[in-house]
Amino acid sequence: MISRLTPVLDWFIPENIRASETDVPMVRHFVMLHLLGPLMGHTVTAFLLMQLSESNWQFWVVEACVASFFLVPLILRQTGSMALAAMVSVQTLVGLSLFGSFWFGGISSPLLPWFLIAMVLCFFYLYDSIKYALIGITLQLATFTAARLLSGNFPQLVDPAELLLPNVFSILAALTYMTVMCLFYEAVMRVSLRLEQETIDQRGRVAELRHAMSAAEQASKRKSIFLAKMSHELRTPLNAVIGYTEMLKEEWIERGEDERKAKDLDRIHAAGRHLLALVNNVIDLSSIESDRIDLNTEPVVVRDLADDVIATASPLARKRDNKLVLNMPEDLGTLELDALKVRQSLLNLLSNAAKFTTKGTIMMTILRSQEKDGDWLTLEVTDNGIGIRPEALERIFKSFSQAENDTATRFGGSGLGLALTKRFTEMMGGTISVRSEYGLSTSFTIRIPAIESSLSERKVA
Ligand code: ADP
């Protein structure tokens, strides 16, 4: 029955209240009481009318007040204010019961029990503005008392002996009304208890998740420390292997040994260097993850850094007959940069460009720009090599990820360079992005804050 009534009740509930899970049952209850109340009130007034020899204006005031409760849900819908609707309802009910009692039977009036209902409604719905509600009720009570004192006695519009039946009916109606209120109150309490329990459960779950997260973070840090230590231990013997192969090769060439043997040594040397580069990347990545790497900024002359990077990358570019071009203004000033990280990031991008491009052009562009959010240094490496498929663009910044399944077999590499470059860039407060047309070109862009060095300011001065 109630579920069938719900859409009707909800029609009166304004949008702002409908959003709250806790308020809706209470407001539904309020609307329901205001549709039910006037129906009961009219039966009381009908009994009253039967006892009156003829209807008078006092009766029609009481009748109008009872009917006016039908308007309360509309006031709620129109104003969206539960406090206002409840205030109108409580004050009208107080006025109705006092006015009705004054004219129809005094303290034995069938309308007096509704004063108690008004008080219950007041504490139930107006807890936030109880002060104003009580002031209103007190004023009405004072008017009632003053009228009683001035008139000397209650007017006898109806014979008190005739009020027995309306009284019994009114008390029954008030009891029914109170029972409905209590039932709904119990439902409201159940909802709020359930919500409270859910909140407690959620809090418990959040605490568990936090615990699990901190355990996972600890484990990840321990893994990174382990990797960093392991890789460090690998680096020493690897350097020895590389060093000895270089020495052996020189010796063998001097002794005029078989060329095939020298080629084998070259292979060992190349494999050793590859492994060393891999180990170095693992050390750097795991150092970042275990927070053991810091940002070391110093005044850096951008042009010198760029020339140095180009000089280092030139032999790599030449291996596949690529042209390496530097595109930047002659002087970009002196900036506060972590030179090692910028250098390593650019070399990672340039060595990739050199690896994936044959007989093409690799261009490194460096620019400074002033934007709304500050001064930025943009470092871009563009090539016209094999390109990257759109679906692989996201993946390539993850550790041990390559664009294609056969990249490692065709070009070598381990998928760590870009992951490391991204971490370095983020540590420097910047971003890295990539654009590529598969089969045509690739362009990586690093953007980092350009903080003018105080040294350069001094130089200018
Ligand atoms: P690695 O080069 O050691 O494989 P990276 O993390 O540096 O690892 O690069 C990840 C992958 O991104 C590469 O394997 C390659 O598939 C793709 N990639 C990076 N740079 C380029 C480029 N300039 N052109 C085409 N593919 C690229």
# chains A, B, ... in the order shown; residues from 1 in each chain; ligands from 1

call {"tool": "residues_around", "arguments": {"residues": "A:Ile451", "least_positions_apart": "4", "cutoff": "8 Å", "atoms": "only C-alpha atoms", "output": "compact mmCIF listing (two decimals) with C-alpha atoms, in the first residue's frame"}}
result
# COMPACT_ATOMS: atom_id res chain seq x y z
CA LEU A 335 68.95 27.60 -16.33
CA GLU A 336 68.72 25.74 -13.03
CA LEU A 337 68.64 22.15 -14.31
CA ASP A 375 58.46 29.70 -18.17

call {"tool": "select_by_dssp", "arguments": {"residues": "stretch 26-252 of chain A", "states": "alpha helix (DSSP H)", "output": "ChimeraX atom specification"}}
result
/A:26-51,57-68,72-79,82-103,113-125,130-151,164-252

call {"tool": "residues_near_ligand", "arguments": {"ligand": "ligand 1", "cutoff": "6 Å", "atoms": "only C-alpha atoms and all ligand atoms", "output": "PyMOL selection string"}}
result
chain A and resi 352-353+356+385-388+396+401-404+407+413-419+442

call {"tool": "residues_around", "arguments": {"residues": "A:Leu84", "least_positions_apart": "4", "cutoff": "12 Å", "atoms": "only C-alpha atoms", "output": "PyMOL selection string"}}
result
chain A and resi 72-80+88-91+122+125-126+128-129+132-133

call {"tool": "residues_around", "arguments": {"residues": "stretch 273-277 of chain A", "least_positions_apart": "3", "cutoff": "7 Å", "atoms": "only C-alpha atoms", "output": "list in words"}}
result
Arg235, Leu238, Ile242, His269, Ala270, Asn280 and Asn281 of chain A

call {"tool": "write_last_selection", "arguments": {"atoms": "C-alpha atoms", "output": "short mmCIF file (atom, residue, chain, number, x, y, z; two decimals), in the first residue's frame"}}
result
data_model
loop_
_atom_site.label_atom_id
_atom_site.label_comp_id
_atom_site.auth_asym_id
_atom_site.auth_seq_id
_atom_site.Cartn_x
_atom_site.Cartn_y
_atom_site.Cartn_z
CA ARG A 235 78.01 -3.79 -12.45
CA LEU A 238 80.52 -6.53 -15.88
CA ILE A 242 84.24 -5.22 -20.69
CA HIS A 269 82.28 -6.71 -25.67
CA ALA A 270 79.00 -5.58 -27.30
CA ASN A 280 72.40 0.94 -15.25
CA ASN A 281 68.78 1.54 -16.25
#

call {"tool": "closest_residue", "arguments": {"among": "A:Ser351, A:Ser224, A:Thr6, A:Gln202", "to": "A:Ile283", "atoms": "only C-alpha atoms"}}
result
A:Ser224

call {"tool": "atom_distance", "arguments": {"atom1": "atom CA of A:Leu346", "atom2": "atom CA of A:Val300"}}
result
14.9 Å
